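Peer 1: Contents are compact mmCIF, C-alpha atoms; file name coords_18.txt:
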```txt
# COMPACT_ATOMS: atom_id res chain seq x y z
CA MET A 1 -38.76 6.95 27.09
CA THR A 2 -35.15 5.90 26.53
CA THR A 3 -34.62 5.40 30.26
CA PHE A 4 -37.76 3.27 30.51
CA LEU A 5 -36.76 1.18 27.49
CA ILE A 6 -33.25 0.44 28.80
CA LEU A 7 -34.19 -0.29 32.40
CA GLY A 8 -37.39 -2.10 31.44
CA THR A 9 -35.52 -4.44 29.12
CA LEU A 10 -32.95 -5.21 31.80
CA VAL A 11 -35.62 -5.92 34.44
CA LEU A 12 -37.53 -8.16 32.01
CA LEU A 13 -34.43 -10.24 31.23
CA ILE A 14 -33.67 -10.62 34.95
CA ILE A 15 -37.27 -11.71 35.66
CA LEU A 16 -36.93 -14.30 32.87
CA GLY A 17 -33.94 -15.75 34.69
CA VAL A 18 -31.18 -14.53 32.38
CA PRO A 19 -27.84 -14.35 34.27
CA ILE A 20 -27.07 -10.77 35.31
CA ALA A 21 -23.89 -10.45 33.22
CA LEU A 22 -25.70 -11.70 30.11
CA ALA A 23 -28.72 -9.49 30.83
CA LEU A 24 -26.49 -6.40 31.06
CA GLY A 25 -24.71 -7.30 27.82
CA LEU A 26 -27.86 -8.16 25.87
CA THR A 27 -29.59 -4.94 26.97
CA SER A 28 -26.63 -2.83 25.85
CA VAL A 29 -26.04 -4.60 22.53
CA GLY A 30 -29.77 -4.87 21.79
CA PHE A 31 -30.29 -1.12 22.29
CA TYR A 32 -27.64 -0.14 19.74
CA VAL A 33 -28.74 -2.83 17.27
CA LEU A 34 -32.33 -1.61 17.53
CA HIS A 35 -31.18 1.94 16.77
CA GLY A 36 -28.83 0.86 13.98
CA ASP A 37 -25.73 2.22 15.78
CA TYR A 38 -23.51 -0.69 14.73
CA GLN A 39 -20.32 1.37 14.82
CA ILE A 40 -20.75 2.02 18.54
CA LEU A 41 -20.71 -1.74 19.14
CA ALA A 42 -17.02 -1.60 18.26
CA MET A 43 -16.62 0.01 21.68
CA LEU A 44 -17.92 -3.15 23.39
CA PRO A 45 -14.57 -4.97 23.81
CA GLN A 46 -12.77 -1.79 24.85
CA ARG A 47 -15.37 -0.83 27.47
CA MET A 48 -15.53 -4.36 28.90
CA PHE A 49 -11.74 -4.54 29.06
CA SER A 50 -11.31 -1.13 30.68
CA ALA A 51 -13.96 -1.92 33.31
CA THR A 52 -11.81 -4.77 34.63
CA THR A 53 -8.36 -3.16 34.54
CA GLY A 54 -8.59 -0.77 37.48
CA PHE A 55 -5.75 -1.18 39.96
CA THR A 56 -8.25 -1.26 42.84
CA LEU A 57 -9.90 -4.40 41.43
CA LEU A 58 -6.69 -6.37 41.89
CA ALA A 59 -7.64 -6.71 45.56
CA ILE A 60 -10.67 -8.87 44.75
CA PRO A 61 -8.93 -12.15 43.76
CA PHE A 62 -6.47 -11.85 46.63
CA PHE A 63 -9.18 -11.38 49.27
CA ILE A 64 -11.04 -14.34 47.75
CA LEU A 65 -7.83 -16.37 47.98
CA ALA A 66 -7.28 -15.26 51.59
CA GLY A 67 -10.78 -16.44 52.55
CA LEU A 68 -10.28 -19.84 50.93
CA LEU A 69 -6.89 -20.31 52.59
CA MET A 70 -8.37 -19.46 56.00
CA ASN A 71 -11.23 -21.91 55.54
CA THR A 72 -8.86 -24.70 54.53
CA GLY A 73 -5.89 -23.97 56.76
CA GLY A 74 -7.32 -24.29 60.26
CA ILE A 75 -7.66 -20.55 60.86
CA THR A 76 -11.47 -20.55 61.09
CA GLU A 77 -11.50 -23.35 63.69
CA ARG A 78 -9.08 -21.45 65.95
CA ILE A 79 -11.13 -18.26 65.65
CA PHE A 80 -14.30 -20.16 66.57
CA ARG A 81 -12.68 -21.76 69.61
CA PHE A 82 -11.52 -18.38 70.95
CA ALA A 83 -14.93 -16.79 70.33
CA ASN A 84 -16.56 -19.70 72.15
CA ALA A 85 -14.29 -19.18 75.16
CA CYS A 86 -15.17 -15.46 75.24
CA VAL A 87 -18.97 -15.48 74.97
CA GLY A 88 -20.04 -19.11 75.23
CA HIS A 89 -21.31 -18.43 78.76
CA VAL A 90 -23.79 -15.75 77.59
CA ARG A 91 -27.42 -16.79 77.15
CA GLY A 92 -27.71 -18.31 73.68
CA GLY A 93 -24.18 -19.65 73.98
CA LEU A 94 -23.05 -20.76 70.56
CA GLY A 95 -25.40 -18.28 68.88
CA GLN A 96 -23.39 -15.46 70.45
CA VAL A 97 -20.17 -17.27 69.52
CA ASN A 98 -21.41 -17.43 65.95
CA VAL A 99 -21.70 -13.65 65.72
CA LEU A 100 -18.41 -12.87 67.44
CA ALA A 101 -16.51 -15.40 65.29
CA SER A 102 -17.99 -13.83 62.16
CA LEU A 103 -16.85 -10.40 63.35
CA PHE A 104 -13.31 -11.72 63.82
CA PHE A 105 -13.36 -13.55 60.48
CA SER A 106 -14.77 -10.50 58.66
CA GLY A 107 -11.56 -8.64 59.42
CA MET A 108 -9.74 -11.13 57.23
CA SER A 109 -11.82 -12.31 54.27
CA GLY A 110 -14.21 -9.45 53.40
CA ALA A 111 -16.74 -11.78 51.79
CA ALA A 112 -20.11 -12.94 53.15
CA VAL A 113 -20.31 -16.16 51.14
CA ALA A 114 -16.77 -17.13 52.24
CA ASP A 115 -17.85 -16.69 55.86
CA ALA A 116 -21.10 -18.63 55.38
CA ALA A 117 -19.53 -21.49 53.46
CA GLY A 118 -16.30 -21.77 55.48
CA LEU A 119 -16.73 -20.63 59.08
CA GLY A 120 -20.42 -21.49 58.78
CA GLN A 121 -19.67 -25.21 58.51
CA VAL A 122 -17.66 -25.10 61.74
CA GLU A 123 -20.40 -23.15 63.51
CA LEU A 124 -23.25 -25.37 62.33
CA LYS A 125 -21.47 -28.57 63.37
CA ALA A 126 -20.68 -27.21 66.84
CA MET A 127 -24.28 -26.06 67.36
CA ALA A 128 -25.68 -29.39 66.12
CA ASP A 129 -23.42 -31.28 68.55
CA LYS A 130 -24.83 -29.17 71.41
CA GLY A 131 -28.42 -29.88 70.39
CA TYR A 132 -29.39 -26.43 69.07
CA ASP A 133 -32.45 -26.12 66.85
CA PRO A 134 -31.31 -26.43 63.18
CA ASP A 135 -33.40 -23.44 62.07
CA PHE A 136 -31.92 -21.20 64.78
CA SER A 137 -28.38 -22.36 64.00
CA ALA A 138 -28.72 -21.85 60.26
CA ALA A 139 -30.40 -18.43 60.62
CA ILE A 140 -27.76 -16.89 62.88
CA THR A 141 -24.99 -18.41 60.73
CA ALA A 142 -26.46 -16.77 57.63
CA ALA A 143 -27.18 -13.43 59.33
CA SER A 144 -23.76 -13.10 60.99
CA SER A 145 -21.95 -13.74 57.69
CA THR A 146 -23.22 -10.40 56.36
CA ILE A 147 -20.96 -8.52 58.79
CA GLY A 148 -17.94 -9.44 56.66
CA PRO A 149 -18.47 -7.11 53.69
CA VAL A 150 -19.26 -4.15 55.99
CA PHE A 151 -16.44 -4.52 58.53
CA PRO A 152 -13.02 -3.93 56.90
CA PRO A 153 -11.50 -5.23 54.72
CA SER A 154 -14.35 -5.60 52.23
CA ILE A 155 -14.53 -6.81 48.63
CA PRO A 156 -17.76 -4.82 47.92
CA PHE A 157 -16.09 -1.64 49.24
CA VAL A 158 -13.17 -2.23 46.86
CA LEU A 159 -15.62 -2.57 43.96
CA TYR A 160 -17.60 0.52 45.00
CA ALA A 161 -14.37 2.54 45.22
CA SER A 162 -13.27 1.39 41.77
CA ILE A 163 -16.54 2.68 40.27
CA THR A 164 -16.84 5.96 42.17
CA GLY A 165 -13.18 6.85 42.70
CA VAL A 166 -13.59 7.45 46.44
CA SER A 167 -10.89 6.42 48.91
CA VAL A 168 -10.84 2.72 49.78
CA SER A 169 -9.15 3.55 53.08
CA LYS A 170 -12.00 5.89 54.07
CA LEU A 171 -14.57 3.29 53.07
CA PHE A 172 -12.85 0.67 55.19
CA LEU A 173 -12.90 2.98 58.21
CA ALA A 174 -16.52 3.95 57.53
CA GLY A 175 -17.53 0.30 57.87
CA VAL A 176 -16.05 -0.21 61.34
CA VAL A 177 -18.81 1.32 63.49
CA PRO A 178 -21.73 -0.03 61.38
CA GLY A 179 -20.09 -3.48 61.37
CA VAL A 180 -19.80 -3.50 65.16
CA LEU A 181 -23.41 -2.25 65.47
CA MET A 182 -24.57 -5.10 63.21
CA ALA A 183 -22.83 -7.57 65.52
CA ILE A 184 -24.43 -5.99 68.60
CA ALA A 185 -27.89 -6.05 66.98
CA LEU A 186 -27.55 -9.73 66.06
CA MET A 187 -26.25 -10.66 69.52
CA ALA A 188 -29.20 -8.82 71.09
CA ALA A 189 -31.60 -10.76 68.85
CA VAL A 190 -29.91 -14.04 69.82
CA TYR A 191 -30.21 -13.15 73.51
CA ILE A 192 -33.94 -12.37 73.24
CA ILE A 193 -34.64 -15.58 71.30
CA ALA A 194 -32.50 -17.59 73.74
CA LEU A 195 -34.45 -16.24 76.72
CA ARG A 196 -37.78 -17.09 75.12
CA HIS A 197 -36.72 -20.65 74.27
CA LYS A 198 -34.48 -21.21 77.32
CA MET A 199 -31.46 -22.12 75.24
CA PRO A 200 -28.30 -23.48 76.86
CA ARG A 201 -25.20 -21.64 77.93
CA ALA A 202 -21.93 -22.52 79.63
CA ASP A 203 -22.07 -22.61 83.42
CA HIS A 204 -19.18 -20.21 83.95
CA ILE A 205 -16.35 -18.34 82.31
CA ASP A 206 -13.41 -20.68 81.78
CA TRP A 207 -10.49 -18.26 82.05
CA LYS A 208 -8.00 -21.03 81.37
CA GLU A 209 -9.73 -21.89 78.10
CA ILE A 210 -9.83 -18.21 77.13
CA TRP A 211 -6.09 -17.97 77.69
CA PHE A 212 -5.16 -21.13 75.77
CA SER A 213 -7.59 -20.50 72.90
CA PHE A 214 -6.33 -16.93 72.61
CA TRP A 215 -2.72 -18.05 72.25
CA ASP A 216 -3.76 -20.75 69.78
CA ALA A 217 -5.63 -18.15 67.67
CA ALA A 218 -3.33 -15.17 68.36
CA LEU A 219 -1.52 -15.28 65.01
CA SER A 220 -4.85 -15.63 63.18
CA LEU A 221 -6.36 -12.73 65.11
CA LEU A 222 -3.40 -10.57 64.11
CA THR A 223 -4.56 -10.58 60.48
CA PRO A 224 -6.97 -7.59 60.73
CA ALA A 225 -4.37 -5.61 62.69
CA ILE A 226 -1.70 -6.32 60.07
CA ILE A 227 -4.06 -5.25 57.28
CA ILE A 228 -5.32 -2.05 58.94
CA MET A 229 -1.95 -1.00 60.38
CA GLY A 230 -0.23 -1.77 57.09
CA ILE A 231 -2.64 0.46 55.19
CA PHE A 232 -2.51 3.42 57.54
CA GLY A 233 1.18 2.95 58.28
CA GLY A 234 1.95 3.37 54.60
CA LEU A 235 3.41 -0.14 54.17
CA PHE A 236 0.94 -1.02 51.42
CA THR A 237 -2.16 0.33 49.68
CA PRO A 238 -5.67 -1.05 50.35
CA THR A 239 -5.33 -2.94 47.08
CA GLU A 240 -2.04 -4.47 48.13
CA ALA A 241 -3.62 -5.39 51.47
CA GLY A 242 -5.30 -8.28 49.67
CA VAL A 243 -1.87 -9.61 48.71
CA ALA A 244 -0.67 -9.19 52.30
CA ALA A 245 -3.73 -11.02 53.66
CA SER A 246 -3.24 -13.90 51.21
CA ALA A 247 0.48 -14.18 51.92
CA TYR A 248 -0.08 -14.14 55.68
CA ALA A 249 -2.91 -16.71 55.47
CA MET A 250 -0.69 -18.96 53.36
CA PHE A 251 2.18 -18.61 55.84
CA LEU A 252 -0.04 -19.53 58.78
CA SER A 253 -1.75 -22.42 56.98
CA MET A 254 1.37 -24.00 55.49
CA VAL A 255 4.23 -23.08 57.83
CA VAL A 256 2.74 -22.48 61.29
CA TYR A 257 -0.34 -24.72 61.42
CA LYS A 258 0.80 -27.07 58.62
CA GLU A 259 -2.76 -27.88 57.59
CA ILE A 260 -2.29 -27.12 53.88
CA SER A 261 0.21 -28.99 51.73
CA LEU A 262 1.73 -27.98 48.42
CA ARG A 263 -0.48 -30.60 46.78
CA GLN A 264 -3.64 -28.74 47.90
CA LEU A 265 -2.60 -25.34 46.57
CA PRO A 266 -3.57 -25.92 42.90
CA GLY A 267 -7.13 -26.76 43.97
CA ILE A 268 -7.34 -23.62 46.13
CA PHE A 269 -5.95 -21.49 43.30
CA TRP A 270 -8.46 -23.02 40.87
CA ASP A 271 -11.39 -22.23 43.18
CA THR A 272 -10.07 -18.66 43.53
CA LEU A 273 -9.86 -18.35 39.75
CA GLN A 274 -13.44 -19.57 39.28
CA HIS A 275 -14.83 -17.15 41.89
CA THR A 276 -12.84 -14.26 40.40
CA ILE A 277 -13.94 -14.97 36.83
CA ARG A 278 -17.60 -14.92 37.86
CA VAL A 279 -17.17 -11.57 39.59
CA MET A 280 -15.09 -10.00 36.81
CA PHE A 281 -17.49 -11.13 34.07
CA VAL A 282 -20.30 -9.22 35.79
CA ILE A 283 -18.04 -6.18 36.17
CA ALA A 284 -17.01 -6.35 32.49
CA ALA A 285 -20.61 -6.51 31.25
CA ALA A 286 -21.55 -3.69 33.62
CA GLY A 287 -18.75 -1.58 32.12
CA PHE A 288 -20.44 -1.44 28.73
CA PHE A 289 -23.89 -1.07 30.30
CA GLY A 290 -22.64 1.86 32.39
CA TRP A 291 -21.23 3.48 29.26
CA LEU A 292 -24.64 3.04 27.59
CA LEU A 293 -26.33 4.78 30.52
CA ILE A 294 -23.95 7.73 30.34
CA HIS A 295 -24.14 7.90 26.53
CA GLN A 296 -27.94 8.08 26.69
CA ARG A 297 -27.90 10.47 29.69
CA VAL A 298 -29.99 8.07 31.79
CA PRO A 299 -28.50 9.24 35.13
CA ASP A 300 -29.40 12.84 34.29
CA ALA A 301 -32.97 11.84 33.52
CA LEU A 302 -33.17 9.82 36.73
CA VAL A 303 -31.86 12.72 38.81
CA ALA A 304 -34.39 15.08 37.25
CA SER A 305 -37.31 12.69 37.76
CA MET A 306 -36.47 11.90 41.38
CA ILE A 307 -35.92 15.54 42.29
CA GLY A 308 -39.17 16.35 40.49
CA PHE A 309 -40.93 13.72 42.59
CA SER A 310 -39.75 15.31 45.84
CA ASP A 311 -37.32 18.04 46.82
CA SER A 312 -36.68 16.44 50.22
CA PRO A 313 -33.26 14.71 50.42
CA ALA A 314 -34.63 12.39 53.12
CA VAL A 315 -37.51 11.22 50.90
CA ILE A 316 -35.23 10.70 47.89
CA LEU A 317 -32.71 8.76 49.99
CA ALA A 318 -35.53 6.61 51.44
CA ILE A 319 -36.74 5.81 47.91
CA VAL A 320 -33.22 4.83 46.82
CA VAL A 321 -32.78 2.61 49.89
CA LEU A 322 -36.11 0.92 49.18
CA ILE A 323 -35.08 0.29 45.56
CA LEU A 324 -31.75 -1.18 46.71
CA LEU A 325 -33.50 -3.50 49.17
CA VAL A 326 -35.94 -4.71 46.51
CA LEU A 327 -33.14 -5.25 43.99
CA GLY A 328 -31.24 -7.19 46.65
CA MET A 329 -34.12 -9.68 46.76
CA PHE A 330 -33.45 -10.61 43.13
CA LEU A 331 -29.78 -9.84 42.43
CA GLU A 332 -26.46 -10.85 43.98
CA GLY A 333 -24.71 -8.08 45.93
CA ILE A 334 -21.97 -7.35 43.39
CA ALA A 335 -24.57 -7.13 40.62
CA VAL A 336 -26.53 -4.55 42.65
CA ILE A 337 -23.39 -2.45 43.08
CA VAL A 338 -22.28 -2.44 39.44
CA LEU A 339 -25.85 -1.85 38.24
CA THR A 340 -26.98 0.92 40.57
CA VAL A 341 -23.88 2.96 41.45
CA PRO A 342 -23.75 4.68 38.02
CA LEU A 343 -27.45 5.45 38.39
CA PHE A 344 -27.68 6.61 41.99
CA ALA A 345 -24.28 8.21 42.62
CA PRO A 346 -25.29 11.38 40.70
CA VAL A 347 -28.58 11.47 42.61
CA MET A 348 -26.77 11.28 45.94
CA ALA A 349 -24.36 14.03 44.89
CA GLN A 350 -27.30 16.23 43.90
CA ILE A 351 -29.03 15.90 47.29
CA GLY A 352 -25.81 16.25 49.30
CA VAL A 353 -25.30 12.68 50.58
CA ASP A 354 -21.63 11.92 51.20
CA PRO A 355 -20.38 9.19 48.81
CA ILE A 356 -18.67 7.42 51.72
CA GLN A 357 -21.93 7.24 53.66
CA PHE A 358 -23.80 6.10 50.55
CA GLY A 359 -21.20 3.37 50.02
CA VAL A 360 -21.92 1.97 53.48
CA ILE A 361 -25.68 2.23 52.89
CA MET A 362 -25.40 0.44 49.56
CA ILE A 363 -23.29 -2.42 50.94
CA MET A 364 -25.62 -2.88 53.91
CA CYS A 365 -28.64 -3.01 51.59
CA SER A 366 -26.96 -5.56 49.34
CA MET A 367 -26.01 -7.66 52.40
CA MET A 368 -29.62 -7.72 53.58
CA GLY A 369 -30.49 -8.82 50.05
CA LEU A 370 -28.25 -11.88 50.53
CA LEU A 371 -30.64 -12.93 53.31
CA THR A 372 -33.88 -12.51 51.36
CA PRO A 373 -35.41 -14.87 48.80
CA PRO A 374 -35.68 -15.57 45.96
CA VAL A 375 -31.99 -15.01 45.10
CA GLY A 376 -30.23 -14.70 48.46
CA MET A 377 -26.87 -16.38 47.87
CA VAL A 378 -26.11 -16.75 51.58
CA ILE A 379 -29.52 -18.36 52.15
CA PHE A 380 -28.79 -21.01 49.52
CA ALA A 381 -25.23 -21.57 50.77
CA VAL A 382 -26.28 -22.04 54.40
CA ALA A 383 -29.45 -24.01 53.58
CA SER A 384 -27.32 -26.43 51.58
CA VAL A 385 -24.74 -26.87 54.35
CA ALA A 386 -27.39 -27.11 57.11
CA ASN A 387 -29.62 -29.39 55.04
CA ILE A 388 -32.82 -27.42 55.65
CA SER A 389 -35.25 -25.81 53.22
CA VAL A 390 -34.87 -22.23 52.01
CA GLY A 391 -38.40 -21.48 53.25
CA ARG A 392 -37.63 -22.60 56.81
CA LEU A 393 -34.40 -20.63 56.85
CA SER A 394 -36.11 -17.51 55.48
CA ARG A 395 -38.71 -17.59 58.27
CA ALA A 396 -36.06 -18.08 60.94
CA LEU A 397 -34.12 -15.07 59.62
CA VAL A 398 -36.90 -12.54 60.32
CA PRO A 399 -35.71 -11.44 63.82
CA TYR A 400 -32.18 -10.88 62.55
CA LEU A 401 -33.37 -8.93 59.53
CA ILE A 402 -35.26 -6.65 61.92
CA GLY A 403 -32.04 -6.03 63.87
CA LEU A 404 -30.05 -5.35 60.70
CA ALA A 405 -32.80 -3.05 59.42
CA PHE A 406 -32.56 -1.02 62.64
CA VAL A 407 -28.81 -0.52 62.08
CA LEU A 408 -29.43 0.43 58.44
CA VAL A 409 -31.94 3.10 59.48
CA LEU A 410 -29.39 4.41 61.96
CA VAL A 411 -26.70 4.67 59.26
CA VAL A 412 -29.14 6.42 56.90
CA ALA A 413 -30.51 8.86 59.49
CA VAL A 414 -27.25 9.65 61.31
CA PRO A 415 -24.34 10.25 58.89
CA ALA A 416 -21.86 10.37 61.80
CA VAL A 417 -22.33 6.63 62.36
CA SER A 418 -20.35 5.92 59.19
CA LEU A 419 -18.44 9.20 58.75
CA TRP A 420 -17.12 9.89 62.26
CA LEU A 421 -14.15 7.51 62.16
CA PRO A 422 -12.83 8.41 58.66
CA GLU A 423 -13.22 12.12 59.47
CA LYS A 424 -11.26 11.64 62.71
CA VAL A 425 -8.44 9.68 61.07
CA PHE A 426 -8.18 11.85 57.96
CA ALA A 427 -8.73 15.17 59.73
CA PRO A 428 -6.42 17.88 58.30
```
Written as structure tokens, that's how I'd like the structure from this file.
Peer 2:
Amino acid sequence: MTTFLILGTLVLLIILGVPIALALGLTSVGFYVLHGDYQILAMLPQRMFSATTGFTLLAIPFFILAGLLMNTGGITERIFRFANACVGHVRGGLGQVNVLASLFFSGMSGAAVADAAGLGQVELKAMADKGYDPDFSAAITAASSTIGPVFPPSIPFVLYASITGVSVSKLFLAGVVPGVLMAIALMAAVYIIALRHKMPRADHIDWKEIWFSFWDAALSLLTPAIIIMGIFGGLFTPTEAGVAASAYAMFLSMVVYKEISLRQLPGIFWDTLQHTIRVMFVIAAAGFFGWLLIHQRVPDALVASMIGFSDSPAVILAIVVLILLVLGMFLEGIAVIVLTVPLFAPVMAQIGVDPIQFGVIMIMCSMMGLLTPPVGMVIFAVASVANISVGRLSRALVPYLIGLAFVLVLVVAVPAVSLWLPEKVFAP
């Protein structure tokens, strides 16, 4: 009954349109007020504060800053030009370029909305200039942006690690193969659609353009290598990698490319601060809500009820994945993580699912949620930039969602897809 009351109240507030951070806080405070436990409310400031003070969370504002610097400092344009030289000749042309550029960019920013709002503008303009259908252009731009939080580095992985205590380095490695598979699935979907609609492509491979665009983007393309090699070479921690990415992006943008001036930095810092505050407010509210769940033994009750429903780990995992996908249709990705990890992590441990694998599953589910109405943030971001309706964009996204769903099933059914690389690197 307690579990139903807590979760039911939260769901009702979300349905009524209450912001997720406020819904989490009101549910927690309202429960203790209803039961007359006013003394426990004194824990509210302490729990909210402690939820936001983990060392791992320091990476979040720096990766946000890195993404903004790249979008402003000419880095995204150079990445797009090189990707265009590499795969622009494949059927579907700029659609394929869109996916490959997002894969490159994902190794730097770790945020889907940063990809959609920054690199997406470059991609949409290039595709419009070449006469591509606006729905097709917007759909592949939105779909490809979801690679970012799966392929390392990743802001959602940092958040998941801060809640569960698992290794950020292992999570980053676990996202490599699924991220590449997502790119392959999207490129396959683009190719099939391009064949059906006879979309344009370049006449031939321009090796000269590949060479010049590579050298123009070489320093930008070094960013993922610097981050990954720095982490596993012991130069800095995954948390400090965000600082390294921001510093390197600032160096490229201001010193090498000279596309950002000192006068522009305050505006970039202010945007970073606003994005960070929104994320941290949700995390703070979730801190007290998570404490409420533990205090009332909600995870224990959930574990017992799900195991009582079925003793098959596959069935339980399928139910959890379905719940995550449905939640992703109504909640932003970070909200899904902070809300469900305290609930489902004990369930996964009980049925023997590796927390690293579950982290990848959770992030992939939340990324698919960004592409589904009614609250898909990437849908709204791209629809706004592309100047098309959310309904049109949602319909055009269906083939890409099918491709992403195939990769998700593969990650769920075959643990080695996400666990092989971290097990190889961290083998004793």
Peer 1: Check the smallest atom-to-atom distance from each of A:Ile140, A:Leu94, A:Leu7, A:Ala284 to Arg395 of chain A using only C-alpha atoms, then report the winner.
Peer 2: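 Closest residue, counting only C-alpha atoms: A:Ile140.
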Peer 1: Given the choices A:Pro134, A:Pro156, A:Pro149, A:Gly74, which gets closest to Leu393 of chain A if the distance is worked out from all atoms listed in the file?
Peer 2: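 Of all the options, A:Pro134 lies closest to Leu393 of chain A.
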Peer 1: If we count all atoms listed in the file and set the cut-off at 9 Å, which residues sit around Leu317 of chain A, ignoring sequence neighbours fewer than 6 positions away in its own chain? Please answer as a PyMOL selection string.
Peer 2: chain A and resi 347-348+351+353+412
Peer 1: Which polymer residues have any atom within 7 Å of an atom of segment 170-172 of chain A, counting only C-alpha atoms, with same-chain residues fewer than 5 positions away left out, as a VMD selection string?
Peer 2: chain A and resid 152 to 153 157 356 422
Peer 1: Write out, as CSV, each residue of segment 204-296 of chain A that has an atom at most 7 Å from segment 21-43 of chain A, together with the closest pair of atoms and their distance in Å to one decimal, counting all atoms listed in the file, rows going by chain and rising number.
Peer 2:
```
residue,atom,partner,partner_atom,distance
A:Phe281,CA,A:Ala21,CA,6.5
A:Val282,CA,A:Ala21,CA,4.6
A:Ala285,CA,A:Gly25,CA,5.4
A:Ala286,CA,A:Leu24,CA,6.2
A:Phe288,CA,A:Ser28,CA,7.0
A:Phe289,CA,A:Ser28,CA,5.5
A:Leu292,CA,A:Ser28,CA,6.4
```
Peer 1: Using all atoms listed in the file, determine which residues lie at most 10 Å from Trp291 of chain A, disregarding the query and same-chain residues fewer than 3 positions distant; provide the list as a list in words.
Peer 2: Ser28, Met43, Leu44, Arg47, Met48, Ala51, Ala286, Gly287, Phe288, Ile294, His295, Gln296, Arg297 and Pro342 of chain A
Peer 1: Can you work out which one of A:Glu77, A:Asp129, A:Glu423, A:Glu209 has the shortest atom-to-atom distance to Asp354 of chain A, counting all atoms listed in the file?
Peer 2: A:Glu423
Peer 1: Looking at only C-alpha atoms, which of A:Met70, A:Ala183, A:Val166, A:Leu58 is the one that sits closest to Ile268 of chain A?
Peer 2: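 Nearest to Ile268 of chain A: A:Met70.
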Peer 1: Could you work out how far atom CA of Ala217 of chain A lies from atom CA of Arg78 of chain A, giving the answer in Å with one decimal?
Peer 2: 5.1 Å
Peer 1: What separation in Å, quoted to one decimal, exists between atom CA of Met280 of chain A and atom CA of Ile75 of chain A?
Peer 2: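 Atom CA of Ile75 of chain A lies 27.3 Å from atom CA of Met280 of chain A.
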Peer 1: (-36.2, 4.1, 47.1) in this file's frame - what residues fall within 12 Å of it? Use all atoms listed in the file and give the answer as a ChimeraX atom specification.
Peer 2: /A:306,309-310,313-327,340,344,347-348,362,365
Peer 1: Could you give me the axis-aligned bounding box of segment 260-271 of chain A, with 8 Å of padding per side, as centre plus edge lengths in Å to one decimal, as AutoDock Vina command-line options?
Peer 2:
```
--center_x -4.8 --center_y -26.0 --center_z 47.4 --size_x 29.1 --size_y 25.1 --size_z 29.0
```
Peer 1: For atom CA of Ser261 of chain A and atom CA of Ala244 of chain A, determine how far apart the two atoms are, in Å to one decimal place.
Peer 2: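 So the answer is 19.8 Å.
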Peer 1: Return the single residue from A:Leu265, A:Ile184, A:Val425, A:Ile283 that is closest to Phe406 of chain A, with distances computed using only C-alpha atoms.
Peer 2: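 Counting only C-alpha atoms, the residue closest to Phe406 of chain A is A:Ile184.
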Peer 1: Which one is closest to Ser366 of chain A: A:Thr9, A:Thr76, A:Thr52, A:Thr146? Count only C-alpha atoms.
Peer 2: A:Thr146
Peer 1: At a cut-off of 12 Å, using all atoms listed in the file, what residues contact Pro266 of chain A? Leave out same-chain residues fewer than 6 positions from it and give the result as a ChimeraX atom specification.
Peer 2: /A:65,69,260,272-273
Peer 1: Can you pull out the residues contacting Leu221 of chain A? Cut-off 12 Å, using all atoms listed in the file, and skip same-chain residues under 4 positions away; I want them as a list in words.
Peer 2: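 Listing them by chain and then by number gives Met70, Ile75, Thr76, Glu77, Arg78, Ile79, Phe80, Arg81, Phe82, Ala83, Ala101, Leu103, Phe104, Phe105, Ser106, Gly107, Met108, Ser213, Phe214, Trp215, Asp216, Ala217, Ala225, Ile226, Ile227, Ala245, Tyr248, Ala249 and Leu252 of chain A.
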